[in-house]
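Structure file target-v3.cif (mmCIF, C-alpha atoms and all ligand atoms) follows.
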```cif
data_data
loop_
_atom_site.label_atom_id
_atom_site.label_comp_id
_atom_site.auth_asym_id
_atom_site.auth_seq_id
_atom_site.Cartn_x
_atom_site.Cartn_y
_atom_site.Cartn_z
CA MET A 726 -13.48 2.85 -18.87
CA PRO A 727 -10.91 2.71 -21.70
CA THR A 728 -9.96 -0.90 -22.50
CA THR A 729 -6.44 -0.03 -23.59
CA GLU A 730 -3.96 2.29 -21.93
CA THR A 731 -3.75 5.86 -23.21
CA ASN A 732 -0.54 6.99 -24.91
CA GLU A 733 0.22 9.14 -21.84
CA HIS A 734 -0.04 6.11 -19.57
CA LYS A 735 2.14 4.04 -21.88
CA ALA A 736 4.76 6.80 -21.94
CA LEU A 737 4.68 7.08 -18.15
CA ARG A 738 5.06 3.29 -17.83
CA GLU A 739 8.08 3.28 -20.15
CA ALA A 740 9.77 6.22 -18.46
CA VAL A 741 9.32 4.79 -14.95
CA SER A 742 10.44 1.38 -16.13
CA ALA A 743 13.66 2.92 -17.48
CA LEU A 744 14.24 4.64 -14.11
CA GLY A 745 13.58 1.37 -12.27
CA LYS A 746 15.98 -0.57 -14.49
CA ARG A 747 18.75 1.96 -13.83
CA HIS A 748 18.35 1.31 -10.08
CA GLY A 749 17.53 -2.41 -10.19
CA ARG A 750 17.25 -4.91 -7.34
CA THR A 751 20.20 -3.46 -5.37
CA TYR A 752 18.57 -0.03 -5.26
CA ASP A 753 19.23 2.60 -2.63
CA ARG A 754 15.76 3.53 -1.36
CA GLU A 755 16.60 7.16 -0.55
CA GLN A 756 18.30 7.82 -3.86
CA LEU A 757 15.46 6.28 -5.84
CA TRP A 758 12.86 8.13 -3.74
CA SER A 759 14.44 11.52 -4.41
CA GLU A 760 15.07 10.80 -8.10
CA ALA A 761 11.48 9.60 -8.60
CA ALA A 762 10.27 12.72 -6.77
CA LYS A 763 12.38 15.07 -8.91
CA LEU A 764 10.96 13.48 -12.04
CA GLY A 765 7.47 14.16 -10.72
CA TYR A 766 6.53 10.49 -10.27
CA LEU A 767 5.81 10.53 -6.53
CA GLY A 768 3.38 13.39 -6.86
CA VAL A 769 1.58 12.40 -10.08
CA ASN A 770 -1.71 12.18 -8.15
CA ILE A 771 -1.31 15.45 -6.20
CA PRO A 772 -3.27 18.43 -7.60
CA GLU A 773 -1.22 20.70 -9.87
CA GLU A 774 -1.96 23.79 -7.79
CA TYR A 775 -0.02 22.11 -4.93
CA GLY A 776 2.97 21.12 -7.02
CA GLY A 777 1.77 17.71 -8.19
CA GLY A 778 1.09 16.21 -11.58
CA GLY A 779 -2.67 16.61 -11.39
CA GLY A 780 -3.30 12.96 -12.26
CA GLY A 781 -4.84 10.29 -10.09
CA ILE A 782 -4.36 6.86 -8.59
CA SER A 783 -4.29 5.43 -12.14
CA GLU A 784 -0.99 7.20 -12.77
CA LEU A 785 0.42 6.59 -9.29
CA SER A 786 -0.28 2.86 -9.54
CA ILE A 787 1.58 2.71 -12.87
CA VAL A 788 4.62 4.25 -11.17
CA LEU A 789 4.61 1.76 -8.30
CA GLU A 790 3.94 -1.25 -10.52
CA GLU A 791 6.80 -0.40 -12.87
CA LEU A 792 9.28 0.22 -10.04
CA GLY A 793 8.26 -3.12 -8.54
CA ALA A 794 8.62 -4.88 -11.88
CA ALA A 795 12.19 -3.55 -12.03
CA GLY A 796 12.87 -5.00 -8.57
CA CYS A 797 12.86 -1.68 -6.68
CA PRO A 798 9.41 -1.07 -5.19
CA LEU A 799 8.90 2.01 -3.02
CA LEU A 800 6.51 0.79 -0.31
CA MET A 801 6.05 4.28 1.13
CA MET A 802 4.27 5.31 -2.08
CA VAL A 803 1.33 3.26 -0.80
CA VAL A 804 1.03 5.52 2.23
CA SER A 805 2.65 8.91 1.65
CA PRO A 806 1.24 10.18 -1.67
CA ALA A 807 -1.58 7.63 -2.00
CA ILE A 808 -3.30 7.63 1.40
CA CYS A 809 -2.00 10.77 3.09
CA GLY A 810 -1.80 12.87 -0.10
CA THR A 811 -5.34 11.88 -1.06
CA VAL A 812 -6.88 12.48 2.36
CA ILE A 813 -5.19 15.88 2.77
CA ALA A 814 -6.05 16.95 -0.80
CA ARG A 815 -9.69 15.97 -0.32
CA PHE A 816 -10.36 16.94 3.28
CA GLY A 817 -7.45 19.03 4.60
CA THR A 818 -7.61 22.73 5.42
CA GLU A 819 -5.92 25.17 3.04
CA ASP A 820 -3.05 25.42 5.54
CA GLN A 821 -2.59 21.64 5.72
CA LYS A 822 -2.62 21.45 1.92
CA GLN A 823 0.02 24.19 1.61
CA THR A 824 2.18 22.60 4.31
CA TRP A 825 2.05 19.03 3.13
CA LEU A 826 1.05 18.53 -0.49
CA PRO A 827 3.97 20.26 -2.27
CA ALA A 828 6.41 18.51 0.09
CA LEU A 829 4.81 15.06 -0.38
CA ALA A 830 4.90 15.65 -4.15
CA ASP A 831 8.57 16.70 -4.31
CA GLY A 832 9.58 14.00 -1.84
CA THR A 833 11.12 16.39 0.71
CA ARG A 834 8.61 15.16 3.30
CA THR A 835 7.03 11.77 3.81
CA MET A 836 4.01 10.72 5.83
CA ALA A 837 3.34 7.27 7.29
CA PHE A 838 -0.14 5.94 8.09
CA GLY A 839 -1.24 4.16 11.25
CA ILE A 840 -4.55 2.40 11.72
CA THR A 841 -3.70 -1.18 12.84
CA GLU A 842 -3.86 -1.84 16.59
CA PRO A 843 -2.75 -4.88 18.60
CA ASP A 844 -6.22 -5.59 20.01
CA ALA A 845 -8.22 -4.63 16.92
CA GLY A 846 -6.30 -6.07 13.94
CA SER A 847 -8.62 -6.63 10.99
CA ASN A 848 -11.54 -5.23 12.96
CA SER A 849 -10.77 -1.54 12.71
CA HIS A 850 -14.16 -0.70 14.24
CA ARG A 851 -12.52 -1.78 17.48
CA ILE A 852 -9.63 0.65 17.55
CA THR A 853 -9.23 2.45 20.85
CA THR A 854 -6.63 5.16 20.19
CA THR A 855 -8.54 8.08 21.64
CA ALA A 856 -8.33 11.84 21.28
CA ARG A 857 -9.60 14.10 24.07
CA LYS A 858 -9.97 17.85 23.91
CA ASP A 859 -7.78 19.89 26.29
CA GLY A 860 -8.61 23.54 25.65
CA THR A 861 -8.07 23.90 21.93
CA ASP A 862 -5.48 21.10 21.89
CA TRP A 863 -5.98 17.36 21.44
CA LEU A 864 -4.44 14.68 23.67
CA LEU A 865 -3.97 11.41 21.82
CA THR A 866 -3.46 8.09 23.62
CA GLY A 867 -3.21 4.55 22.24
CA ARG A 868 -1.08 1.90 20.55
CA LYS A 869 -0.48 0.90 16.95
CA VAL A 870 1.36 -2.04 15.39
CA PHE A 871 3.03 -2.89 12.07
CA ILE A 872 3.20 0.75 11.00
CA SER A 873 5.60 1.04 8.06
CA GLY A 874 8.32 3.65 7.65
CA VAL A 875 7.67 5.72 10.77
CA ASP A 876 11.43 6.32 11.07
CA LEU A 877 11.57 7.69 7.51
CA ALA A 878 8.43 9.78 7.80
CA ASP A 879 8.24 13.35 9.08
CA ALA A 880 4.82 12.56 10.53
CA THR A 881 2.30 9.75 10.77
CA LEU A 882 -1.37 10.11 9.92
CA ILE A 883 -2.93 8.34 12.89
CA VAL A 884 -6.46 7.01 12.89
CA GLY A 885 -7.95 7.70 16.32
CA ARG A 886 -11.35 8.30 17.79
CA THR A 887 -13.05 11.22 19.43
CA GLU A 888 -16.05 11.01 21.66
CA ASP A 889 -19.38 12.13 20.24
CA SER A 890 -20.63 14.64 22.86
CA ARG A 891 -24.27 13.70 22.17
CA THR A 892 -24.13 9.90 22.07
CA GLY A 893 -20.85 9.18 23.90
CA ARG A 894 -19.90 6.90 20.99
CA LEU A 895 -16.42 7.00 19.52
CA LYS A 896 -16.00 8.37 15.98
CA PRO A 897 -12.96 7.73 13.76
CA CYS A 898 -10.77 10.80 13.18
CA LEU A 899 -7.44 11.44 11.52
CA PHE A 900 -4.53 13.27 13.16
CA ILE A 901 -1.13 14.33 11.84
CA VAL A 902 1.42 13.34 14.50
CA PRO A 903 4.96 14.71 13.99
CA ARG A 904 7.72 12.10 14.33
CA ASP A 905 9.30 13.75 17.36
CA ALA A 906 6.13 14.76 19.24
CA PRO A 907 6.62 14.26 23.01
CA GLY A 908 4.89 11.06 24.14
CA PHE A 909 5.05 9.50 20.64
CA THR A 910 7.47 6.55 20.80
CA ARG A 911 8.28 3.72 18.43
CA ARG A 912 9.84 0.28 18.68
CA GLN A 913 11.00 -1.54 15.56
CA ILE A 914 9.31 -4.93 15.08
CA ASP A 915 11.71 -7.72 14.17
CA MET A 916 10.16 -8.83 10.85
CA GLU A 917 11.38 -11.70 8.63
CA LEU A 918 11.31 -9.35 5.65
CA THR A 919 14.13 -8.10 3.45
CA ALA A 920 12.92 -4.59 2.70
CA ALA A 921 14.16 -1.04 2.93
CA GLU A 922 11.10 -0.04 4.99
CA LYS A 923 10.71 -1.24 8.58
CA GLN A 924 7.58 -1.83 10.66
CA PHE A 925 7.03 -0.28 14.09
CA GLU A 926 4.94 -0.60 17.19
CA LEU A 927 3.86 2.88 18.28
CA THR A 928 2.87 4.18 21.68
CA LEU A 929 0.98 7.43 22.02
CA ASP A 930 0.97 8.60 25.60
CA ASP A 931 -1.05 11.81 25.94
CA VAL A 932 0.53 13.21 22.78
CA ARG A 933 -0.41 16.90 22.75
CA LEU A 934 -1.44 18.14 19.33
CA PRO A 935 -2.67 21.55 18.22
CA ALA A 936 -6.25 21.90 16.93
CA ASP A 937 -4.99 21.93 13.33
CA ALA A 938 -3.50 18.42 13.65
CA LEU A 939 -7.00 17.08 12.96
CA VAL A 940 -7.48 16.40 9.25
CA GLY A 941 -10.96 16.95 7.94
CA ASP A 942 -14.22 17.15 9.73
CA GLU A 943 -14.49 15.60 13.17
CA ASP A 944 -17.95 14.31 12.25
CA ALA A 945 -17.30 12.96 8.74
CA GLY A 946 -15.79 9.76 10.16
CA LEU A 947 -15.58 6.76 7.87
CA LEU A 948 -16.15 8.70 4.67
CA GLN A 949 -12.79 10.46 5.00
CA LEU A 950 -11.04 7.30 6.08
CA PHE A 951 -12.27 5.34 3.07
CA ALA A 952 -11.10 8.11 0.76
CA GLY A 953 -7.61 7.01 1.78
CA LEU A 954 -8.16 3.28 2.17
CA ASN A 955 -9.34 2.68 -1.41
CA PRO A 956 -6.14 4.17 -2.90
CA GLU A 957 -4.17 2.07 -0.38
CA ARG A 958 -5.79 -1.12 -1.70
CA ILE A 959 -5.23 -0.14 -5.33
CA MET A 960 -1.60 0.71 -4.60
CA THR A 961 -1.06 -2.57 -2.75
CA ALA A 962 -2.36 -4.30 -5.88
CA ALA A 963 0.22 -2.35 -7.92
CA PHE A 964 2.93 -3.35 -5.44
CA ALA A 965 1.93 -7.02 -5.73
CA ILE A 966 1.65 -7.03 -9.52
CA GLY A 967 5.07 -5.37 -9.82
CA MET A 968 6.67 -7.92 -7.53
CA GLY A 969 4.99 -10.82 -9.34
CA ARG A 970 6.18 -9.52 -12.71
CA TYR A 971 9.72 -9.11 -11.39
CA ALA A 972 9.87 -12.71 -10.11
CA LEU A 973 8.25 -14.11 -13.25
CA ALA A 974 10.71 -12.31 -15.53
CA ARG A 975 13.66 -13.83 -13.61
CA ALA A 976 12.10 -17.30 -13.90
CA ILE A 977 11.44 -16.92 -17.64
CA GLU A 978 15.06 -15.86 -18.30
CA TYR A 979 16.26 -18.83 -16.33
CA ALA A 980 13.87 -21.34 -17.92
CA ARG A 981 14.98 -20.29 -21.42
CA ASP A 982 18.64 -21.10 -20.72
CA ARG A 983 18.85 -23.77 -18.08
CA THR A 984 19.34 -27.16 -19.75
CA VAL A 985 19.68 -30.36 -17.74
CA TRP A 986 18.48 -32.85 -20.39
CA ASP A 987 18.41 -32.01 -24.08
CA ALA A 988 16.13 -28.97 -24.10
CA PRO A 989 15.93 -25.91 -21.84
CA ILE A 990 13.65 -26.55 -18.83
CA GLY A 991 11.22 -23.94 -20.22
CA ALA A 992 10.38 -26.42 -22.99
CA HIS A 993 8.79 -28.73 -20.41
CA GLN A 994 5.14 -27.89 -20.02
CA ALA A 995 5.31 -28.66 -16.31
CA ILE A 996 7.54 -25.58 -16.07
CA ALA A 997 6.06 -23.49 -18.90
CA HIS A 998 2.35 -23.81 -18.09
CA PRO A 999 2.46 -22.62 -14.47
CA LEU A 1000 4.54 -19.64 -15.65
CA ALA A 1001 1.96 -18.90 -18.34
CA GLN A 1002 -0.81 -19.18 -15.72
CA ALA A 1003 1.04 -16.81 -13.44
CA HIS A 1004 1.31 -14.31 -16.29
CA ILE A 1005 -2.42 -14.59 -17.03
CA ASP A 1006 -3.29 -14.11 -13.34
CA LEU A 1007 -1.11 -11.00 -13.09
CA GLU A 1008 -2.63 -9.52 -16.25
CA LEU A 1009 -6.17 -10.16 -14.97
CA ALA A 1010 -5.33 -8.62 -11.62
CA ARG A 1011 -3.97 -5.57 -13.41
CA LEU A 1012 -7.21 -5.16 -15.33
CA MET A 1013 -9.17 -5.11 -12.07
CA MET A 1014 -6.66 -2.68 -10.58
CA GLN A 1015 -7.08 -0.37 -13.58
CA LYS A 1016 -10.85 -0.55 -13.19
CA ALA A 1017 -10.61 0.32 -9.50
CA ALA A 1018 -8.25 3.23 -10.20
CA TYR A 1019 -10.46 4.47 -13.02
CA LEU A 1020 -13.58 4.43 -10.81
CA TYR A 1021 -11.73 6.09 -7.95
CA ASP A 1022 -10.33 8.85 -10.16
CA ALA A 1023 -13.81 9.37 -11.65
CA GLY A 1024 -15.13 10.08 -8.13
CA ASP A 1025 -17.12 6.87 -7.73
CA ASP A 1026 -16.03 5.99 -4.18
CA VAL A 1027 -18.59 3.20 -3.77
CA GLY A 1028 -17.82 1.45 -7.07
CA ALA A 1029 -14.11 1.92 -6.42
CA GLY A 1030 -14.45 0.32 -2.98
CA GLU A 1031 -15.67 -2.98 -4.36
CA ALA A 1032 -13.21 -2.97 -7.27
CA ALA A 1033 -10.27 -1.97 -5.05
CA ASN A 1034 -10.97 -4.89 -2.72
CA MET A 1035 -11.23 -7.33 -5.62
CA ALA A 1036 -8.07 -5.94 -7.24
CA LYS A 1037 -6.10 -6.23 -4.00
CA TYR A 1038 -7.33 -9.82 -3.56
CA ALA A 1039 -6.55 -10.84 -7.15
CA ALA A 1040 -3.15 -9.15 -7.14
CA GLY A 1041 -2.12 -10.57 -3.76
CA GLU A 1042 -3.01 -14.10 -4.83
CA ALA A 1043 -1.42 -13.72 -8.28
CA CYS A 1044 1.76 -12.37 -6.67
CA VAL A 1045 2.06 -15.21 -4.14
CA ARG A 1046 1.58 -17.81 -6.91
CA ALA A 1047 3.95 -16.08 -9.36
CA VAL A 1048 6.70 -15.83 -6.76
CA ASP A 1049 6.21 -19.43 -5.63
CA GLN A 1050 6.37 -20.76 -9.19
CA SER A 1051 9.35 -18.56 -10.04
CA VAL A 1052 11.35 -19.80 -7.07
CA HIS A 1053 10.48 -23.37 -8.03
CA THR A 1054 11.59 -22.79 -11.62
CA LEU A 1055 15.10 -21.95 -10.43
CA GLY A 1056 15.44 -25.25 -8.53
CA GLY A 1057 18.16 -24.92 -5.87
CA ASN A 1058 19.14 -21.53 -7.23
CA GLY A 1059 15.69 -20.30 -6.27
CA LEU A 1060 16.84 -20.44 -2.67
CA THR A 1061 20.25 -18.79 -3.08
CA ARG A 1062 20.94 -15.20 -2.18
CA GLU A 1063 22.70 -14.74 -5.52
CA PHE A 1064 19.47 -15.16 -7.51
CA GLY A 1065 17.53 -13.05 -5.02
CA LEU A 1066 14.11 -14.68 -5.32
CA ALA A 1067 13.80 -16.55 -2.02
CA SER A 1068 13.29 -13.36 0.03
CA LEU A 1069 10.28 -12.57 -2.16
CA ILE A 1070 8.46 -15.61 -0.73
CA THR A 1071 7.99 -13.69 2.53
CA ALA A 1072 7.56 -10.33 0.83
CA ALA A 1073 4.78 -11.65 -1.42
CA ARG A 1074 2.78 -12.75 1.63
CA VAL A 1075 2.51 -9.13 2.75
CA ALA A 1076 0.14 -8.47 -0.15
CA ARG A 1077 -2.09 -11.29 1.08
CA ILE A 1078 -2.31 -9.93 4.64
CA ALA A 1079 -2.04 -6.15 4.35
CA PRO A 1080 -3.71 -3.70 4.36
CA VAL A 1081 -6.74 -5.96 4.49
CA SER A 1082 -6.42 -9.73 4.50
CA ARG A 1083 -7.60 -12.17 1.88
CA GLU A 1084 -10.33 -13.44 4.24
CA MET A 1085 -11.65 -9.97 5.03
CA ILE A 1086 -11.99 -9.26 1.31
CA LEU A 1087 -13.85 -12.53 0.81
CA ASN A 1088 -16.08 -11.49 3.72
CA TYR A 1089 -16.67 -8.10 2.06
CA VAL A 1090 -17.57 -9.63 -1.30
CA SER A 1091 -19.79 -12.29 0.35
CA HIS A 1092 -21.77 -9.65 2.24
CA GLN A 1093 -21.64 -6.53 0.13
CA THR A 1094 -21.64 -7.99 -3.38
CA LEU A 1095 -23.40 -11.32 -2.98
CA GLY A 1096 -25.73 -10.30 -0.15
CA LEU A 1097 -24.91 -13.35 1.95
CA PRO A 1098 -25.40 -13.23 5.71
CA LYS A 1099 -22.55 -12.24 8.00
CA SER A 1100 -20.91 -14.93 10.15
CA TYR A 1101 -19.01 -12.71 12.59
C1 LIG B 1 4.75 -5.66 6.22
C2 LIG B 1 3.52 -5.05 6.80
C3 LIG B 1 3.35 -3.68 6.73
C4 LIG B 1 2.23 -3.07 7.31
N1 LIG B 1 2.13 -1.71 7.28
C5 LIG B 1 1.07 -1.11 7.91
C6 LIG B 1 0.99 0.32 7.96
O1 LIG B 1 1.84 1.05 7.42
N2 LIG B 1 -0.06 0.88 8.63
C7 LIG B 1 -1.01 0.12 9.24
O2 LIG B 1 -1.93 0.68 9.83
N3 LIG B 1 -0.94 -1.23 9.22
C8 LIG B 1 0.07 -1.87 8.57
N4 LIG B 1 0.15 -3.25 8.54
C9 LIG B 1 -0.84 -4.03 9.28
C10 LIG B 1 -1.80 -4.82 8.40
O3 LIG B 1 -2.72 -3.95 7.79
C11 LIG B 1 -2.47 -5.88 9.31
O4 LIG B 1 -1.48 -6.85 9.57
C12 LIG B 1 -3.69 -6.50 8.69
O5 LIG B 1 -4.73 -5.54 8.61
C13 LIG B 1 -4.18 -7.72 9.46
O6 LIG B 1 -4.33 -7.43 10.82
P1 LIG B 1 -3.66 -8.42 11.91
O7 LIG B 1 -2.23 -8.61 11.55
O8 LIG B 1 -3.96 -7.89 13.27
O9 LIG B 1 -4.37 -9.82 11.70
P2 LIG B 1 -5.71 -10.36 12.44
O10 LIG B 1 -6.80 -9.36 12.29
O11 LIG B 1 -5.36 -10.83 13.78
O12 LIG B 1 -6.06 -11.61 11.51
C14 LIG B 1 -5.33 -12.85 11.61
C15 LIG B 1 -5.92 -13.84 10.61
O13 LIG B 1 -7.29 -14.08 10.91
C16 LIG B 1 -8.10 -13.83 9.78
N5 LIG B 1 -9.39 -13.25 10.21
C17 LIG B 1 -9.62 -12.24 11.09
N6 LIG B 1 -10.93 -11.99 11.20
C18 LIG B 1 -11.58 -12.84 10.36
C19 LIG B 1 -12.95 -13.07 10.00
N7 LIG B 1 -13.93 -12.34 10.51
N8 LIG B 1 -13.20 -14.02 9.08
C20 LIG B 1 -12.21 -14.75 8.52
N9 LIG B 1 -10.89 -14.59 8.83
C21 LIG B 1 -10.59 -13.65 9.72
C22 LIG B 1 -7.30 -12.83 8.94
O14 LIG B 1 -7.68 -12.91 7.58
C23 LIG B 1 -5.87 -13.30 9.17
O15 LIG B 1 -5.56 -14.35 8.28
C24 LIG B 1 1.24 -3.87 7.95
C25 LIG B 1 1.41 -5.26 8.00
C26 LIG B 1 2.53 -5.85 7.44
C27 LIG B 1 2.68 -7.34 7.53
#
```

Written as structure tokens, that's how I'd like the structure from this file.
Amino acid sequence: MPTTETNEHKALREAVSALGKRHGRTYDREQLWSEAAKLGYLGVNIPEEYGGGGGGISELSIVLEELGAAGCPLLMMVVSPAICGTVIARFGTEDQKQTWLPALADGTRTMAFGITEPDAGSNSHRITTTARKDGTDWLLTGRKVFISGVDLADATLIVGRTEDSRTGRLKPCLFIVPRDAPGFTRRQIDMELTAAEKQFELTLDDVRLPADALVGDEDAGLLQLFAGLNPERIMTAAFAIGMGRYALARAIEYARDRTVWDAPIGAHQAIAHPLAQAHIDLELARLMMQKAAYLYDAGDDVGAGEAANMAKYAAGEACVRAVDQSVHTLGGNGLTREFGLASLITAARVARIAPVSREMILNYVSHQTLGLPKSY
């Protein structure tokens, strides 16, 4: 793995940063989405033959991190090009690739992703959304919660299960469900989040889907799912690092100027050191994110799995701490709307919970990396 960024990556970072700064914190999500798409940034990871940039998650994570650092993160990048684009590019039929990949790359179509269920939560082995065969069609029934951007998306990639005809056991499978499919309804969840993307509870009531709604092999199960979940974790790390950098930059500006005794508050080590620590934590998290992206793009799914979990953990924690310290640095102004940092306190917590919580990553590392026994 290269220890410094390539010139191409540096150039991409600078160009996206310039785009982000033009839009800034008061960005219009739709405008930024279509501009980023036109410039080729949303599809950097999509294969060139399907209209993308032919890069990987390394490039896509740079795009999301830099937009976040400019105060205008595009949450749907975590799902549409990263999870859905990856899964379709790796496991979709030629028809699915032709239908979706060029449109995901040029931003004309968006796809949401739904795995979380009310009665399964972190334990995705327990999901019960079930697909039954009806002739050549599928009938999909179940419930999902906290699914982001379903209203913006043309379709949602739903993780369901089909019954194994030999064993009767349920196997995970992925289905493309169009937004307006009969029987597919959504209710917006009232979140305490200031964000352009909303979360939804979904009900699937015998949603009839054609045979070609199934993505990939019915029997490949978890392998296909993890092809999408590792990019999701890496992209959530990028989201968190971007947000942490944005908050920290506001705090540093403020600490340089704000003077209540003789020197600016940034001269006090009680203010300066925690900001320096936050910077170090964000940089370290970025290194792990780059490692995870590098391994993923090199085709090492197993190595990428461990690194993606660690990167998501490190970035989520670094983001929460950076935002907390930044708000504190601004004193009372940290809680005003004018300075715009207080809403990040809630937003930063998302990176600690989703798509896999801090505790579940610690469980993973305890069992998979350290070989400790499982408690649950
Ligand atoms: C803003 C936002 C956007 C989201 N977008 C999407 C989306 O687009 N698509 C999607 O599918 N999902 C989405 N999610 C859902 C998210 O992935 C889940 O919230 C997350 O996986 C945790 O599940 P849960 O909320 O059911 O928590 P639970 O599983 O109920 O966990 C609650 C708490 O218990 C802890 N816990 C659970 N089990 C254990 C254990 N064995 N050991 C130790 N601690 C444990 C957890 O760490 C957590 O702190 C989103 C969530 C949020 C907040």

Report, in Å with one decimal, the straight-line distance from atom N2 of ligand LIG 1 (chain B) to CA of Met801 in chain A. 10.3 Å

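Neighbouring residues of ligand LIG 1 (chain B) at a cut-off of 6 Å, counting all atoms listed in the file, are Phe838, Gly839, Ile840, Thr841, Gly846, Ser847, Phe871, Ile872, Ser873, Val1075, Ile1078, Ala1079, Pro1080, Val1081, Ser1082, Arg1083, Glu1084, Met1085 and Tyr1101 of chain A.
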
Surrounding residues of range 1050-1066 of chain A excluding itself and chain neighbours under 5 positions, 8 Å, all atoms listed in the file, as number ranges by chain: A: 972-973, 975-976, 979-980, 996, 999-1000, 1003

Select all residues near (-13.1, -9.7, -0.3) (cut-off 12 Å, inclusive, file coordinates), counting only C-alpha atoms, and output them as a PDB file with C-alpha atoms, in the frame of the given file.
```
ATOM      1  CA  ARG A 958      -5.790  -1.120  -1.700  1.00  0.00           C
ATOM      2  CA  GLY A1030     -14.450   0.320  -2.980  1.00  0.00           C
ATOM      3  CA  GLU A1031     -15.670  -2.980  -4.360  1.00  0.00           C
ATOM      4  CA  ALA A1032     -13.210  -2.970  -7.270  1.00  0.00           C
ATOM      5  CA  ALA A1033     -10.270  -1.970  -5.050  1.00  0.00           C
ATOM      6  CA  ASN A1034     -10.970  -4.890  -2.720  1.00  0.00           C
ATOM      7  CA  MET A1035     -11.230  -7.330  -5.620  1.00  0.00           C
ATOM      8  CA  ALA A1036      -8.070  -5.940  -7.240  1.00  0.00           C
ATOM      9  CA  LYS A1037      -6.100  -6.230  -4.000  1.00  0.00           C
ATOM     10  CA  TYR A1038      -7.330  -9.820  -3.560  1.00  0.00           C
ATOM     11  CA  ALA A1039      -6.550 -10.840  -7.150  1.00  0.00           C
ATOM     12  CA  GLY A1041      -2.120 -10.570  -3.760  1.00  0.00           C
ATOM     13  CA  GLU A1042      -3.010 -14.100  -4.830  1.00  0.00           C
ATOM     14  CA  ARG A1077      -2.090 -11.290   1.080  1.00  0.00           C
ATOM     15  CA  ILE A1078      -2.310  -9.930   4.640  1.00  0.00           C
ATOM     16  CA  VAL A1081      -6.740  -5.960   4.490  1.00  0.00           C
ATOM     17  CA  SER A1082      -6.420  -9.730   4.500  1.00  0.00           C
ATOM     18  CA  ARG A1083      -7.600 -12.170   1.880  1.00  0.00           C
ATOM     19  CA  GLU A1084     -10.330 -13.440   4.240  1.00  0.00           C
ATOM     20  CA  MET A1085     -11.650  -9.970   5.030  1.00  0.00           C
ATOM     21  CA  ILE A1086     -11.990  -9.260   1.310  1.00  0.00           C
ATOM     22  CA  LEU A1087     -13.850 -12.530   0.810  1.00  0.00           C
ATOM     23  CA  ASN A1088     -16.080 -11.490   3.720  1.00  0.00           C
ATOM     24  CA  TYR A1089     -16.670  -8.100   2.060  1.00  0.00           C
ATOM     25  CA  VAL A1090     -17.570  -9.630  -1.300  1.00  0.00           C
ATOM     26  CA  SER A1091     -19.790 -12.290   0.350  1.00  0.00           C
ATOM     27  CA  HIS A1092     -21.770  -9.650   2.240  1.00  0.00           C
ATOM     28  CA  GLN A1093     -21.640  -6.530   0.130  1.00  0.00           C
ATOM     29  CA  THR A1094     -21.640  -7.990  -3.380  1.00  0.00           C
ATOM     30  CA  LEU A1095     -23.400 -11.320  -2.980  1.00  0.00           C
TER      31      LEU A1095
END
```

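Using only C-alpha atoms, the nearest neighbour of Leu1020 in chain A within the list A:Val884, A:Ile959, A:Leu929, A:Ala1040 is A:Ile959.
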
Compile the contact shell of Ala736 in chain A as a list in words: residues with an atom at most 12 Å away, counting all atoms listed in the file, same-chain residues fewer than 5 positions apart removed.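 Here the qualifying residues turn out to be Glu730, Thr731, Val741, Ser742, Ala743, Glu784, Ile787, Val788 and Glu791 of chain A.
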
Save the residues we just selected, C-alpha atoms, as a short mmCIF file (atom, residue, chain, number, x, y, z; two decimals), in the coordinates of the input?
```
data_model
loop_
_atom_site.label_atom_id
_atom_site.label_comp_id
_atom_site.auth_asym_id
_atom_site.auth_seq_id
_atom_site.Cartn_x
_atom_site.Cartn_y
_atom_site.Cartn_z
CA GLU A 730 -3.96 2.29 -21.93
CA THR A 731 -3.75 5.86 -23.21
CA VAL A 741 9.32 4.79 -14.95
CA SER A 742 10.44 1.38 -16.13
CA ALA A 743 13.66 2.92 -17.48
CA GLU A 784 -0.99 7.20 -12.77
CA ILE A 787 1.58 2.71 -12.87
CA VAL A 788 4.62 4.25 -11.17
CA GLU A 791 6.80 -0.40 -12.87
#
```

Grab the CA of Met726 in chain A to CA of Asn770 in chain A distance for me, in Å with one decimal place. 18.5 Å

Taking all atoms listed in the file into account, produce a table as a Markdown table in which each residue of range 757-865 of chain A with an atom at most 10 Å from an atom of range 896-905 of chain A appears once, together with its shortest atom pair and the distance in Å to one decimal, ordered by chain and rising number.
```
| residue | atom | partner | partner_atom | distance |
| --- | --- | --- | --- | --- |
| A:Cys809 | CA | A:Ile901 | CA | 9.5 |
| A:Val812 | CA | A:Leu899 | CA | 9.2 |
| A:Gln821 | CA | A:Ile901 | CA | 9.6 |
| A:Met836 | CA | A:Ile901 | CA | 8.7 |
| A:Ala837 | CA | A:Ile901 | CA | 9.5 |
| A:Phe838 | CA | A:Ile901 | CA | 9.2 |
| A:Gly839 | CA | A:Leu899 | CA | 9.6 |
| A:Ile840 | CA | A:Leu899 | CA | 9.5 |
| A:Ser849 | CA | A:Pro897 | CA | 9.6 |
| A:His850 | CA | A:Pro897 | CA | 8.5 |
| A:Ile852 | CA | A:Pro897 | CA | 8.7 |
| A:Thr853 | CA | A:Pro897 | CA | 9.6 |
| A:Thr854 | CA | A:Pro897 | CA | 9.4 |
| A:Thr855 | CA | A:Pro897 | CA | 9.0 |
| A:Ala856 | CA | A:Cys898 | CA | 8.5 |
| A:Trp863 | CA | A:Phe900 | CA | 9.3 |
| A:Leu865 | CA | A:Phe900 | CA | 8.9 |
```
